[in-house]
Every structure is written in structure tokens, then in C-alpha cells.
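Remarks on the structure that follows.
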Amino acid sequence: MPQKNKPKGKGILYIKLSSMVDLARYAYNFDFSSKSLILYKNGGTARLVALGECIKENVIAYYINIDTQHSFIKYTFPSSMGQTETAHFSERVDGSEKDFINIFNVDLSSFKEVKEIGKGDVLQIRVSSDRDLVHAMIKKSVREESFATLYEFEAKGKRFISGFDLIDELSDDRKTFYYAETKDKSRGGFAKYSYSSNTFEFAETVGEHSYIYIKIVKLAEPFPFFKMPD
């Protein structure tokens, strides 16, 4: 019997996020260059997807499940104390265009869905403290002039923050995945870093100009390639 042809090209590793606000925070760039989102309908399931990092021939797709099709997400980031971070669907742009994230309906069925990443494709590197990990990401974001993203997840009752390719000199053809355990119990969607005191804290607002900010995106599950430290 002839072997069934397997789909070639990019594979997609789907990673579920904790909320729609996390997805909007990930996509939003605080200017007119926000990522567009993809609505992918697979049978009775509809996923709203933001494409992320590439690992060899695979791309990570951060997603949430939704019920119906929409045209935009309007995202409000918290710029002052007392302001609530919000994300809600909209069918038209009203007001400032930069506050809206486009949603495109795209059939992703031509790309194979992968459940795991090859053992040799990701190098997992432990960082001794969350402060050191945030500091490394700050350096990377300043170099690249971008609003960088770290990922938060829980595994076996412990909380971790993580990021990819934080140290350029240690990068090679594999993806480098840096992680650190954090004891901080706050639930802010950002980390703000002070150069003057070399300290950071999780925050719910982005507004004080004396700080540098990083987005914290919460995953609903750990990355499948994450291995708990001994």
C-alpha cells in the first residue's frame, strides 16, 4: 500500500494563552505596527492566533478559542493607576486606529500541526533569578528597539518566566530558551525595570517614563519542550 504523503513545509505548534487580554497584549506594539491576528476555523473549533517564534521548520502560534468571527480587537493598555487593561471585539475602527488589532480569516489546514519540538532543536538554559532574566531581556529590547515579551507559566506548582534568544553571543542554529523560577505572586501583565536601582517589579500599568517596560504574557499551559529542573 503506498504511503500517504505527509504535508511538508512549516509546522505549527499551538500554545494556548490564559486570556484574550494576554493575546492582545502580545500582539499590540503601542504604535501602528501591531501584529495581525489570524482566525482559523477547524471544524467546530475557531482559534484566534498570533504567530510567534520560529523553531527550525516550526512556528509557535499563541491562541485562544473563540465562538464567532470578528474584524478587530480593540485593546486598551493601562497607562495610569486605576485604568483597567481591556480587550474586546469590534466590527469597525472608531477613534485611534493604533488601538485596533486586525483579524484575518485564514485557512491554516495546509500547515501540519505539531505537538512537540525535536529534542535537539531547543536548548533550555536556567537563569538563577527572575531579576537576571528580566535584565537580559531589557538589554535585548534596547538593542532591538522593541517592546519585548516574556512568557509566564506554571508547572508542578511552581511559577516561571521565560524568553527566547536573550543572549546573542550564545545563539546558534538552535532556539535558546531561558527560564527562571519566580516567587512573585503579583499578577501584573508587565515588568518595569529601573536602571538607577537595577531592580524590577511586576506591574499592572505602563506610564512612568523613568522605567523600561516588558510585556508578560501568561500561558494556559507550559511550553511542551520545557523540562522541569532537577
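Identifiers for the C-alpha cells are assigned positionally: chains receive A, B, ... in sequence, residues are indexed from 1 per chain, and ligands are indexed from 1 in the order shown.
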Which residues come within 9 Å of Lys98 in chain A, counting only C-alpha atoms, excluding same-chain residues fewer than 4 positions away, as a list in words?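 That gives Tyr28, Asn29, Phe30, Asp31, Phe32, Ser33 and Ser34 of chain A.
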Write out as a PDB file with N, CA, C and O atoms, in the first residue's frame the residues lying within 10 Å of range 196-209 of chain A, counting only C-alpha atoms and excluding same-chain residues fewer than 6 positions away.
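Result file out.pdb:
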ATOM      1  N   PHE A  77      -4.426  49.651  26.746  1.00  0.00           N
ATOM      2  CA  PHE A  77      -3.394  49.336  27.731  1.00  0.00           C
ATOM      3  C   PHE A  77      -3.469  50.323  28.891  1.00  0.00           C
ATOM      4  O   PHE A  77      -3.844  51.481  28.714  1.00  0.00           O
ATOM      5  N   PRO A  78      -3.140  49.850  30.083  1.00  0.00           N
ATOM      6  CA  PRO A  78      -3.299  50.680  31.282  1.00  0.00           C
ATOM      7  C   PRO A  78      -2.143  51.659  31.435  1.00  0.00           C
ATOM      8  O   PRO A  78      -1.042  51.292  31.822  1.00  0.00           O
ATOM      9  N   SER A  79      -2.393  52.928  31.138  1.00  0.00           N
ATOM     10  CA  SER A  79      -1.327  53.924  31.162  1.00  0.00           C
ATOM     11  C   SER A  79      -1.285  54.725  32.453  1.00  0.00           C
ATOM     12  O   SER A  79      -0.385  55.552  32.631  1.00  0.00           O
ATOM     13  N   SER A  80      -2.230  54.492  33.357  1.00  0.00           N
ATOM     14  CA  SER A  80      -2.225  55.225  34.624  1.00  0.00           C
ATOM     15  C   SER A  80      -2.903  54.383  35.694  1.00  0.00           C
ATOM     16  O   SER A  80      -3.665  53.461  35.392  1.00  0.00           O
ATOM     17  N   MET A  81      -2.604  54.708  36.934  1.00  0.00           N
ATOM     18  CA  MET A  81      -3.196  53.977  38.053  1.00  0.00           C
ATOM     19  C   MET A  81      -4.716  54.070  38.002  1.00  0.00           C
ATOM     20  O   MET A  81      -5.283  55.123  37.728  1.00  0.00           O
ATOM     21  N   GLY A  82      -5.347  52.926  38.217  1.00  0.00           N
ATOM     22  CA  GLY A  82      -6.793  52.897  38.199  1.00  0.00           C
ATOM     23  C   GLY A  82      -7.384  52.582  36.850  1.00  0.00           C
ATOM     24  O   GLY A  82      -8.579  52.272  36.753  1.00  0.00           O
ATOM     25  N   GLN A  83      -6.580  52.662  35.786  1.00  0.00           N
ATOM     26  CA  GLN A  83      -7.080  52.310  34.457  1.00  0.00           C
ATOM     27  C   GLN A  83      -6.987  50.802  34.258  1.00  0.00           C
ATOM     28  O   GLN A  83      -5.979  50.184  34.598  1.00  0.00           O
ATOM     29  N   THR A  84      -8.012  50.205  33.704  1.00  0.00           N
ATOM     30  CA  THR A  84      -8.065  48.766  33.524  1.00  0.00           C
ATOM     31  C   THR A  84      -7.610  48.378  32.126  1.00  0.00           C
ATOM     32  O   THR A  84      -8.015  48.994  31.137  1.00  0.00           O
ATOM     33  N   GLU A  85      -6.776  47.379  32.050  1.00  0.00           N
ATOM     34  CA  GLU A  85      -6.367  46.819  30.760  1.00  0.00           C
ATOM     35  C   GLU A  85      -7.541  46.022  30.191  1.00  0.00           C
ATOM     36  O   GLU A  85      -8.079  45.138  30.848  1.00  0.00           O
ATOM     37  N   ASP A 130      14.827  35.636  38.589  1.00  0.00           N
ATOM     38  CA  ASP A 130      13.956  36.360  37.664  1.00  0.00           C
ATOM     39  C   ASP A 130      14.516  37.741  37.351  1.00  0.00           C
ATOM     40  O   ASP A 130      14.360  38.263  36.244  1.00  0.00           O
ATOM     41  N   ARG A 131      15.218  38.353  38.318  1.00  0.00           N
ATOM     42  CA  ARG A 131      15.832  39.669  38.071  1.00  0.00           C
ATOM     43  C   ARG A 131      16.841  39.590  36.940  1.00  0.00           C
ATOM     44  O   ARG A 131      16.877  40.450  36.045  1.00  0.00           O
ATOM     45  N   ASP A 132      17.696  38.548  36.936  1.00  0.00           N
ATOM     46  CA  ASP A 132      18.694  38.404  35.880  1.00  0.00           C
ATOM     47  C   ASP A 132      18.040  38.170  34.527  1.00  0.00           C
ATOM     48  O   ASP A 132      18.502  38.668  33.497  1.00  0.00           O
ATOM     49  N   VAL A 134      14.956  39.174  33.558  1.00  0.00           N
ATOM     50  CA  VAL A 134      14.363  40.433  33.110  1.00  0.00           C
ATOM     51  C   VAL A 134      15.436  41.384  32.625  1.00  0.00           C
ATOM     52  O   VAL A 134      15.287  42.050  31.588  1.00  0.00           O
ATOM     53  N   HIS A 135      16.556  41.446  33.338  1.00  0.00           N
ATOM     54  CA  HIS A 135      17.658  42.331  32.951  1.00  0.00           C
ATOM     55  C   HIS A 135      18.169  41.960  31.569  1.00  0.00           C
ATOM     56  O   HIS A 135      18.431  42.831  30.728  1.00  0.00           O
ATOM     57  N   ASP A 184       7.368  35.840  42.944  1.00  0.00           N
ATOM     58  CA  ASP A 184       6.470  36.980  42.987  1.00  0.00           C
ATOM     59  C   ASP A 184       5.043  36.518  42.718  1.00  0.00           C
ATOM     60  O   ASP A 184       4.770  35.837  41.736  1.00  0.00           O
ATOM     61  N   LYS A 185       4.125  36.901  43.559  1.00  0.00           N
ATOM     62  CA  LYS A 185       2.731  36.458  43.452  1.00  0.00           C
ATOM     63  C   LYS A 185       1.833  37.493  42.770  1.00  0.00           C
ATOM     64  O   LYS A 185       0.652  37.260  42.591  1.00  0.00           O
ATOM     65  N   SER A 186       2.401  38.631  42.383  1.00  0.00           N
ATOM     66  CA  SER A 186       1.580  39.647  41.723  1.00  0.00           C
ATOM     67  C   SER A 186       1.186  39.164  40.330  1.00  0.00           C
ATOM     68  O   SER A 186       1.825  38.302  39.751  1.00  0.00           O
ATOM     69  N   ARG A 187       0.115  39.741  39.802  1.00  0.00           N
ATOM     70  CA  ARG A 187      -0.417  39.237  38.543  1.00  0.00           C
ATOM     71  C   ARG A 187      -0.369  40.291  37.440  1.00  0.00           C
ATOM     72  O   ARG A 187      -1.137  40.233  36.493  1.00  0.00           O
ATOM     73  N   GLY A 188       0.517  41.252  37.524  1.00  0.00           N
ATOM     74  CA  GLY A 188       0.595  42.291  36.509  1.00  0.00           C
ATOM     75  C   GLY A 188       1.011  41.743  35.159  1.00  0.00           C
ATOM     76  O   GLY A 188       1.721  40.743  35.069  1.00  0.00           O
ATOM     77  N   GLY A 189       0.574  42.417  34.079  1.00  0.00           N
ATOM     78  CA  GLY A 189       0.900  41.983  32.735  1.00  0.00           C
ATOM     79  C   GLY A 189       2.178  42.579  32.194  1.00  0.00           C
ATOM     80  O   GLY A 189       2.510  42.396  31.013  1.00  0.00           O
ATOM     81  N   PHE A 190       2.931  43.282  33.049  1.00  0.00           N
ATOM     82  CA  PHE A 190       4.167  43.920  32.609  1.00  0.00           C
ATOM     83  C   PHE A 190       5.224  43.780  33.707  1.00  0.00           C
ATOM     84  O   PHE A 190       4.895  43.555  34.869  1.00  0.00           O
ATOM     85  N   LYS A 215       6.553  43.291  28.261  1.00  0.00           N
ATOM     86  CA  LYS A 215       5.258  42.610  28.354  1.00  0.00           C
ATOM     87  C   LYS A 215       5.447  41.219  28.966  1.00  0.00           C
ATOM     88  O   LYS A 215       6.404  40.518  28.660  1.00  0.00           O
ATOM     89  N   ILE A 216       4.514  40.837  29.833  1.00  0.00           N
ATOM     90  CA  ILE A 216       4.462  39.487  30.397  1.00  0.00           C
ATOM     91  C   ILE A 216       3.183  38.832  29.876  1.00  0.00           C
ATOM     92  O   ILE A 216       2.082  39.294  30.166  1.00  0.00           O
TER      93      ILE A 216
END
Pick out the closest residue to Tyr195 in chain A from this set: A:Ser210, A:Asn105, A:Ser19, A:Ser141. Count only C-alpha atoms.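 Under the stated criterion, the closest residue is A:Ser210.
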I need the residue nearest Phe89 in chain A from this list: A:Val21, A:Leu133, A:Leu51, A:Ile212. Use only C-alpha atoms for the distance.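 Among the listed residues, A:Val21 lies closest to Phe89 in chain A.
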Residue contacts of Ile12 in chain A (6 Å, only C-alpha atoms) excluding same-chain residues fewer than 5 positions away, as a VMD selection string: chain A and resid 58 to 60 113 to 114
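We find CA of Phe147 in chain A and CA of Tyr75 in chain A to be spaced 15.8 Å apart.
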Fewer than 4 positions away in the same chain doesn't count, so skip those; otherwise give me all residues within 10 Å of Asp173 in chain A, counting only C-alpha atoms, as a ChimeraX atom specification. /A:55-56,121-122
Convert the current residue selection to file output with C-alpha atoms, as a PDB file, in the first residue's frame.
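The resulting file, part26.pdb, is shown below:
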ATOM      1  CA  ILE A  55      11.945  26.859  15.899  1.00  0.00           C
ATOM      2  CA  LYS A  56      13.624  25.180  12.931  1.00  0.00           C
ATOM      3  CA  ASP A 121      16.005  21.995  18.358  1.00  0.00           C
ATOM      4  CA  VAL A 122      15.674  23.877  21.671  1.00  0.00           C
TER       5      VAL A 122
END
Would you list, as a PDB file with all heavy atoms, in the first residue's frame, the residues of range 7-206 of chain A that end up in alpha helix (DSSP H) under DSSP run on this structure's backbone?
ATOM      1  N   MET A  20      -7.929  36.447  26.475  1.00  0.00           N
ATOM      2  CA  MET A  20      -7.931  37.330  25.311  1.00  0.00           C
ATOM      3  C   MET A  20      -7.057  38.562  25.549  1.00  0.00           C
ATOM      4  O   MET A  20      -6.410  39.077  24.629  1.00  0.00           O
ATOM      5  CB  MET A  20      -9.363  37.742  25.004  1.00  0.00           C
ATOM      6  CG  MET A  20      -9.536  38.676  23.821  1.00  0.00           C
ATOM      7  SD  MET A  20     -11.300  38.883  23.471  1.00  0.00           S
ATOM      8  CE  MET A  20     -11.276  40.395  22.528  1.00  0.00           C
ATOM      9  N   VAL A  21      -7.035  39.051  26.771  1.00  0.00           N
ATOM     10  CA  VAL A  21      -6.187  40.201  27.098  1.00  0.00           C
ATOM     11  C   VAL A  21      -4.716  39.854  26.891  1.00  0.00           C
ATOM     12  O   VAL A  21      -3.938  40.665  26.373  1.00  0.00           O
ATOM     13  CB  VAL A  21      -6.445  40.676  28.542  1.00  0.00           C
ATOM     14  CG1 VAL A  21      -5.422  41.724  28.959  1.00  0.00           C
ATOM     15  CG2 VAL A  21      -7.847  41.253  28.667  1.00  0.00           C
ATOM     16  N   ASP A  22      -4.315  38.633  27.263  1.00  0.00           N
ATOM     17  CA  ASP A  22      -2.929  38.222  27.041  1.00  0.00           C
ATOM     18  C   ASP A  22      -2.595  38.177  25.553  1.00  0.00           C
ATOM     19  O   ASP A  22      -1.500  38.566  25.143  1.00  0.00           O
ATOM     20  CB  ASP A  22      -2.673  36.859  27.682  1.00  0.00           C
ATOM     21  CG  ASP A  22      -2.528  36.934  29.180  1.00  0.00           C
ATOM     22  OD1 ASP A  22      -1.483  37.394  29.657  1.00  0.00           O
ATOM     23  OD2 ASP A  22      -3.473  36.553  29.898  1.00  0.00           O
ATOM     24  N   LEU A  23      -3.530  37.685  24.740  1.00  0.00           N
ATOM     25  CA  LEU A  23      -3.304  37.637  23.300  1.00  0.00           C
ATOM     26  C   LEU A  23      -3.174  39.049  22.727  1.00  0.00           C
ATOM     27  O   LEU A  23      -2.284  39.325  21.911  1.00  0.00           O
ATOM     28  CB  LEU A  23      -4.462  36.900  22.620  1.00  0.00           C
ATOM     29  CG  LEU A  23      -4.333  36.709  21.107  1.00  0.00           C
ATOM     30  CD1 LEU A  23      -3.184  35.769  20.774  1.00  0.00           C
ATOM     31  CD2 LEU A  23      -5.630  36.175  20.516  1.00  0.00           C
ATOM     32  N   ALA A  24      -4.055  39.949  23.141  1.00  0.00           N
ATOM     33  CA  ALA A  24      -3.997  41.328  22.655  1.00  0.00           C
ATOM     34  C   ALA A  24      -2.718  42.015  23.118  1.00  0.00           C
ATOM     35  O   ALA A  24      -2.081  42.750  22.348  1.00  0.00           O
ATOM     36  CB  ALA A  24      -5.223  42.101  23.136  1.00  0.00           C
ATOM     37  N   ARG A  25      -2.330  41.790  24.364  1.00  0.00           N
ATOM     38  CA  ARG A  25      -1.091  42.382  24.870  1.00  0.00           C
ATOM     39  C   ARG A  25       0.111  41.903  24.058  1.00  0.00           C
ATOM     40  O   ARG A  25       1.025  42.669  23.745  1.00  0.00           O
ATOM     41  CB  ARG A  25      -0.899  42.020  26.351  1.00  0.00           C
ATOM     42  CG  ARG A  25       0.291  42.731  26.996  1.00  0.00           C
ATOM     43  CD  ARG A  25       0.571  42.205  28.404  1.00  0.00           C
ATOM     44  NE  ARG A  25      -0.634  42.180  29.212  1.00  0.00           N
ATOM     45  CZ  ARG A  25      -1.129  41.082  29.781  1.00  0.00           C
ATOM     46  NH1 ARG A  25      -0.513  39.908  29.627  1.00  0.00           N
ATOM     47  NH2 ARG A  25      -2.229  41.132  30.493  1.00  0.00           N
ATOM     48  N   TYR A  26       0.109  40.619  23.724  1.00  0.00           N
ATOM     49  CA  TYR A  26       1.205  40.064  22.916  1.00  0.00           C
ATOM     50  C   TYR A  26       1.274  40.724  21.541  1.00  0.00           C
ATOM     51  O   TYR A  26       2.350  41.095  21.057  1.00  0.00           O
ATOM     52  CB  TYR A  26       1.017  38.560  22.752  1.00  0.00           C
ATOM     53  CG  TYR A  26       2.047  37.927  21.851  1.00  0.00           C
ATOM     54  CD1 TYR A  26       3.333  37.653  22.319  1.00  0.00           C
ATOM     55  CD2 TYR A  26       1.741  37.608  20.532  1.00  0.00           C
ATOM     56  CE1 TYR A  26       4.290  37.092  21.492  1.00  0.00           C
ATOM     57  CE2 TYR A  26       2.697  37.052  19.697  1.00  0.00           C
ATOM     58  CZ  TYR A  26       3.968  36.791  20.177  1.00  0.00           C
ATOM     59  OH  TYR A  26       4.917  36.240  19.349  1.00  0.00           O
ATOM     60  N   ALA A  27       0.118  40.910  20.906  1.00  0.00           N
ATOM     61  CA  ALA A  27       0.095  41.427  19.541  1.00  0.00           C
ATOM     62  C   ALA A  27       0.333  42.931  19.472  1.00  0.00           C
ATOM     63  O   ALA A  27       0.875  43.437  18.484  1.00  0.00           O
ATOM     64  CB  ALA A  27      -1.250  41.102  18.885  1.00  0.00           C
ATOM     65  N   ASP A 130      14.827  35.636  38.589  1.00  0.00           N
ATOM     66  CA  ASP A 130      13.956  36.360  37.664  1.00  0.00           C
ATOM     67  C   ASP A 130      14.516  37.741  37.351  1.00  0.00           C
ATOM     68  O   ASP A 130      14.360  38.263  36.244  1.00  0.00           O
ATOM     69  CB  ASP A 130      12.528  36.441  38.196  1.00  0.00           C
ATOM     70  CG  ASP A 130      12.434  36.977  39.623  1.00  0.00           C
ATOM     71  OD1 ASP A 130      13.456  37.421  40.183  1.00  0.00           O
ATOM     72  OD2 ASP A 130      11.318  36.928  40.196  1.00  0.00           O
ATOM     73  N   ARG A 131      15.218  38.353  38.318  1.00  0.00           N
ATOM     74  CA  ARG A 131      15.832  39.669  38.071  1.00  0.00           C
ATOM     75  C   ARG A 131      16.841  39.590  36.940  1.00  0.00           C
ATOM     76  O   ARG A 131      16.877  40.450  36.045  1.00  0.00           O
ATOM     77  CB  ARG A 131      16.505  40.181  39.353  1.00  0.00           C
ATOM     78  CG  ARG A 131      17.131  41.575  39.195  1.00  0.00           C
ATOM     79  CD  ARG A 131      17.946  41.966  40.415  1.00  0.00           C
ATOM     80  NE  ARG A 131      19.103  41.090  40.573  1.00  0.00           N
ATOM     81  CZ  ARG A 131      20.258  41.261  39.911  1.00  0.00           C
ATOM     82  NH1 ARG A 131      20.384  42.261  39.045  1.00  0.00           N
ATOM     83  NH2 ARG A 131      21.262  40.444  40.111  1.00  0.00           N
ATOM     84  N   ASP A 132      17.696  38.548  36.936  1.00  0.00           N
ATOM     85  CA  ASP A 132      18.694  38.404  35.880  1.00  0.00           C
ATOM     86  C   ASP A 132      18.040  38.170  34.527  1.00  0.00           C
ATOM     87  O   ASP A 132      18.502  38.668  33.497  1.00  0.00           O
ATOM     88  CB  ASP A 132      19.640  37.243  36.209  1.00  0.00           C
ATOM     89  CG  ASP A 132      20.589  37.568  37.344  1.00  0.00           C
ATOM     90  OD1 ASP A 132      20.829  38.765  37.594  1.00  0.00           O
ATOM     91  OD2 ASP A 132      21.085  36.632  37.996  1.00  0.00           O
ATOM     92  N   LEU A 133      16.938  37.392  34.519  1.00  0.00           N
ATOM     93  CA  LEU A 133      16.263  37.127  33.256  1.00  0.00           C
ATOM     94  C   LEU A 133      15.631  38.396  32.695  1.00  0.00           C
ATOM     95  O   LEU A 133      15.742  38.687  31.501  1.00  0.00           O
ATOM     96  CB  LEU A 133      15.214  36.028  33.445  1.00  0.00           C
ATOM     97  CG  LEU A 133      14.609  35.450  32.163  1.00  0.00           C
ATOM     98  CD1 LEU A 133      14.341  33.960  32.316  1.00  0.00           C
ATOM     99  CD2 LEU A 133      13.317  36.162  31.795  1.00  0.00           C
ATOM    100  N   VAL A 134      14.956  39.174  33.558  1.00  0.00           N
ATOM    101  CA  VAL A 134      14.363  40.433  33.110  1.00  0.00           C
ATOM    102  C   VAL A 134      15.436  41.384  32.625  1.00  0.00           C
ATOM    103  O   VAL A 134      15.287  42.050  31.588  1.00  0.00           O
ATOM    104  CB  VAL A 134      13.527  41.075  34.232  1.00  0.00           C
ATOM    105  CG1 VAL A 134      13.114  42.492  33.861  1.00  0.00           C
ATOM    106  CG2 VAL A 134      12.295  40.240  34.529  1.00  0.00           C
ATOM    107  N   HIS A 135      16.556  41.446  33.338  1.00  0.00           N
ATOM    108  CA  HIS A 135      17.658  42.331  32.951  1.00  0.00           C
ATOM    109  C   HIS A 135      18.169  41.960  31.569  1.00  0.00           C
ATOM    110  O   HIS A 135      18.431  42.831  30.728  1.00  0.00           O
ATOM    111  CB  HIS A 135      18.787  42.250  33.987  1.00  0.00           C
ATOM    112  CG  HIS A 135      19.739  43.395  33.918  1.00  0.00           C
ATOM    113  ND1 HIS A 135      20.771  43.570  34.829  1.00  0.00           N
ATOM    114  CD2 HIS A 135      19.845  44.432  33.057  1.00  0.00           C
ATOM    115  CE1 HIS A 135      21.451  44.656  34.515  1.00  0.00           C
ATOM    116  NE2 HIS A 135      20.907  45.196  33.449  1.00  0.00           N
ATOM    117  N   ALA A 136      18.329  40.664  31.302  1.00  0.00           N
ATOM    118  CA  ALA A 136      18.796  40.217  29.993  1.00  0.00           C
ATOM    119  C   ALA A 136      17.807  40.607  28.893  1.00  0.00           C
ATOM    120  O   ALA A 136      18.204  41.020  27.795  1.00  0.00           O
ATOM    121  CB  ALA A 136      19.020  38.709  29.997  1.00  0.00           C
ATOM    122  N   MET A 137      16.515  40.481  29.173  1.00  0.00           N
ATOM    123  CA  MET A 137      15.514  40.862  28.175  1.00  0.00           C
ATOM    124  C   MET A 137      15.485  42.366  27.960  1.00  0.00           C
ATOM    125  O   MET A 137      15.267  42.839  26.840  1.00  0.00           O
ATOM    126  CB  MET A 137      14.134  40.347  28.596  1.00  0.00           C
ATOM    127  CG  MET A 137      13.032  40.694  27.600  1.00  0.00           C
ATOM    128  SD  MET A 137      13.368  40.157  25.909  1.00  0.00           S
ATOM    129  CE  MET A 137      12.716  38.480  25.966  1.00  0.00           C
ATOM    130  N   ILE A 138      15.711  43.142  29.012  1.00  0.00           N
ATOM    131  CA  ILE A 138      15.805  44.595  28.870  1.00  0.00           C
ATOM    132  C   ILE A 138      16.921  44.952  27.898  1.00  0.00           C
ATOM    133  O   ILE A 138      16.758  45.775  26.987  1.00  0.00           O
ATOM    134  CB  ILE A 138      16.060  45.268  30.236  1.00  0.00           C
ATOM    135  CG1 ILE A 138      14.780  45.249  31.085  1.00  0.00           C
ATOM    136  CG2 ILE A 138      16.570  46.688  30.059  1.00  0.00           C
ATOM    137  CD1 ILE A 138      13.707  46.191  30.603  1.00  0.00           C
ATOM    138  N   LYS A 139      18.097  44.344  28.080  1.00  0.00           N
ATOM    139  CA  LYS A 139      19.228  44.597  27.192  1.00  0.00           C
ATOM    140  C   LYS A 139      18.868  44.265  25.749  1.00  0.00           C
ATOM    141  O   LYS A 139      19.202  44.997  24.815  1.00  0.00           O
ATOM    142  CB  LYS A 139      20.439  43.771  27.638  1.00  0.00           C
ATOM    143  CG  LYS A 139      21.022  44.162  28.979  1.00  0.00           C
ATOM    144  CD  LYS A 139      21.691  45.527  28.913  1.00  0.00           C
ATOM    145  CE  LYS A 139      22.437  45.842  30.202  1.00  0.00           C
ATOM    146  NZ  LYS A 139      23.074  47.184  30.166  1.00  0.00           N
ATOM    147  N   LYS A 140      18.186  43.147  25.562  1.00  0.00           N
ATOM    148  CA  LYS A 140      17.787  42.727  24.216  1.00  0.00           C
ATOM    149  C   LYS A 140      16.784  43.712  23.610  1.00  0.00           C
ATOM    150  O   LYS A 140      16.902  44.087  22.433  1.00  0.00           O
ATOM    151  CB  LYS A 140      17.177  41.325  24.280  1.00  0.00           C
ATOM    152  CG  LYS A 140      16.699  40.769  22.936  1.00  0.00           C
ATOM    153  CD  LYS A 140      16.110  39.377  23.126  1.00  0.00           C
ATOM    154  CE  LYS A 140      15.505  38.853  21.831  1.00  0.00           C
ATOM    155  NZ  LYS A 140      16.537  38.545  20.823  1.00  0.00           N
ATOM    156  N   SER A 141      15.810  44.152  24.400  1.00  0.00           N
ATOM    157  CA  SER A 141      14.797  45.064  23.871  1.00  0.00           C
ATOM    158  C   SER A 141      15.398  46.423  23.511  1.00  0.00           C
ATOM    159  O   SER A 141      14.993  47.037  22.517  1.00  0.00           O
ATOM    160  CB  SER A 141      13.660  45.243  24.882  1.00  0.00           C
ATOM    161  OG  SER A 141      14.101  45.928  26.037  1.00  0.00           O
ATOM    162  N   VAL A 142      16.369  46.893  24.293  1.00  0.00           N
ATOM    163  CA  VAL A 142      17.033  48.163  23.985  1.00  0.00           C
ATOM    164  C   VAL A 142      17.832  48.021  22.695  1.00  0.00           C
ATOM    165  O   VAL A 142      17.809  48.907  21.826  1.00  0.00           O
ATOM    166  CB  VAL A 142      17.934  48.603  25.152  1.00  0.00           C
ATOM    167  CG1 VAL A 142      18.817  49.775  24.750  1.00  0.00           C
ATOM    168  CG2 VAL A 142      17.092  48.972  26.362  1.00  0.00           C
ATOM    169  N   ARG A 143      18.543  46.896  22.532  1.00  0.00           N
ATOM    170  CA  ARG A 143      19.315  46.650  21.316  1.00  0.00           C
ATOM    171  C   ARG A 143      18.424  46.651  20.084  1.00  0.00           C
ATOM    172  O   ARG A 143      18.773  47.205  19.046  1.00  0.00           O
ATOM    173  CB  ARG A 143      20.027  45.291  21.399  1.00  0.00           C
ATOM    174  CG  ARG A 143      21.424  45.316  21.923  1.00  0.00           C
ATOM    175  CD  ARG A 143      22.167  44.018  21.667  1.00  0.00           C
ATOM    176  NE  ARG A 143      21.393  42.812  21.753  1.00  0.00           N
ATOM    177  CZ  ARG A 143      21.192  42.114  22.868  1.00  0.00           C
ATOM    178  NH1 ARG A 143      21.683  42.555  24.004  1.00  0.00           N
ATOM    179  NH2 ARG A 143      20.489  40.997  22.860  1.00  0.00           N
ATOM    180  N   GLU A 144      17.293  45.994  20.196  1.00  0.00           N
ATOM    181  CA  GLU A 144      16.418  45.813  19.044  1.00  0.00           C
ATOM    182  C   GLU A 144      15.349  46.897  18.932  1.00  0.00           C
ATOM    183  O   GLU A 144      14.564  46.890  17.987  1.00  0.00           O
ATOM    184  CB  GLU A 144      15.743  44.438  19.133  1.00  0.00           C
ATOM    185  CG  GLU A 144      16.742  43.281  19.105  1.00  0.00           C
ATOM    186  CD  GLU A 144      16.076  41.923  19.204  1.00  0.00           C
ATOM    187  OE1 GLU A 144      14.844  41.874  19.392  1.00  0.00           O
ATOM    188  OE2 GLU A 144      16.784  40.918  19.079  1.00  0.00           O
TER     189      GLU A 144
END
Strand (DSSP E or B) call set, DSSP backbone run, range 8-61 of chain A, as a ChimeraX atom specification: /A:11-17,37-42,45-55,58-61
Mind dumping the selected residues with C-alpha atoms as a tab-separated table (two decimals), in the first residue's frame?
chain	number	residue	atom	x	y	z
A	11	GLY	CA	4.65	23.12	11.08
A	12	ILE	CA	2.60	24.96	13.69
A	13	LEU	CA	2.96	24.42	17.42
A	14	TYR	CA	-0.17	25.80	19.10
A	15	ILE	CA	0.27	27.23	22.60
A	16	LYS	CA	-2.88	28.30	24.45
A	17	LEU	CA	-2.86	31.60	26.31
A	37	LEU	CA	-4.27	38.07	14.32
A	38	ILE	CA	-5.44	35.05	12.34
A	39	LEU	CA	-8.84	33.46	12.76
A	40	TYR	CA	-8.57	29.76	11.90
A	41	LYS	CA	-11.68	27.60	11.82
A	42	ASN	CA	-11.06	23.87	12.14
A	45	THR	CA	-13.38	24.98	16.72
A	46	ALA	CA	-12.30	28.57	16.00
A	47	ARG	CA	-8.88	29.70	17.12
A	48	LEU	CA	-7.66	33.29	17.23
A	49	VAL	CA	-3.93	33.07	16.61
A	50	ALA	CA	-0.83	35.27	16.87
A	51	LEU	CA	2.23	33.83	15.15
A	52	GLY	CA	5.41	33.97	17.19
A	53	GLU	CA	8.89	32.49	17.29
A	54	CYS	CA	10.21	30.02	14.71
A	55	ILE	CA	11.94	26.86	15.90
A	58	ASN	CA	8.06	25.10	13.04
A	59	VAL	CA	6.37	28.31	14.17
A	60	ILE	CA	4.74	28.88	17.55
A	61	ALA	CA	1.11	30.02	17.32
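The nearest approach to Lys192 in chain A among the residues A:Ala220, A:Tyr213, A:His70, A:Val127, with only C-alpha atoms taken into account, belongs to A:Tyr213.
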Atom pair CA of Phe153 in chain A + CA of Phe177 in chain A, distance 13.6 Å
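If only C-alpha atoms are the atoms counted, then among A:Ser162, A:Ser110, A:Ser18, A:Ser194 the closest residue to Tyr178 in chain A is A:Ser162.
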Mind pulling up the distance from CA of Lys10 in chain A to CA of Glu116 in chain A?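 CA of Lys10 in chain A lies 13.6 Å from CA of Glu116 in chain A.
With only C-alpha atoms as the atoms that count, the residue of A:Leu219, A:Ile117, A:Met228, A:Ala155 with the shortest distance to Arg174 in chain A is A:Ile117.
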Taking only C-alpha atoms into account, which of A:Glu91, A:Glu181, A:Phe223, A:Leu108 comes nearest Phe164 in chain A? A:Phe223
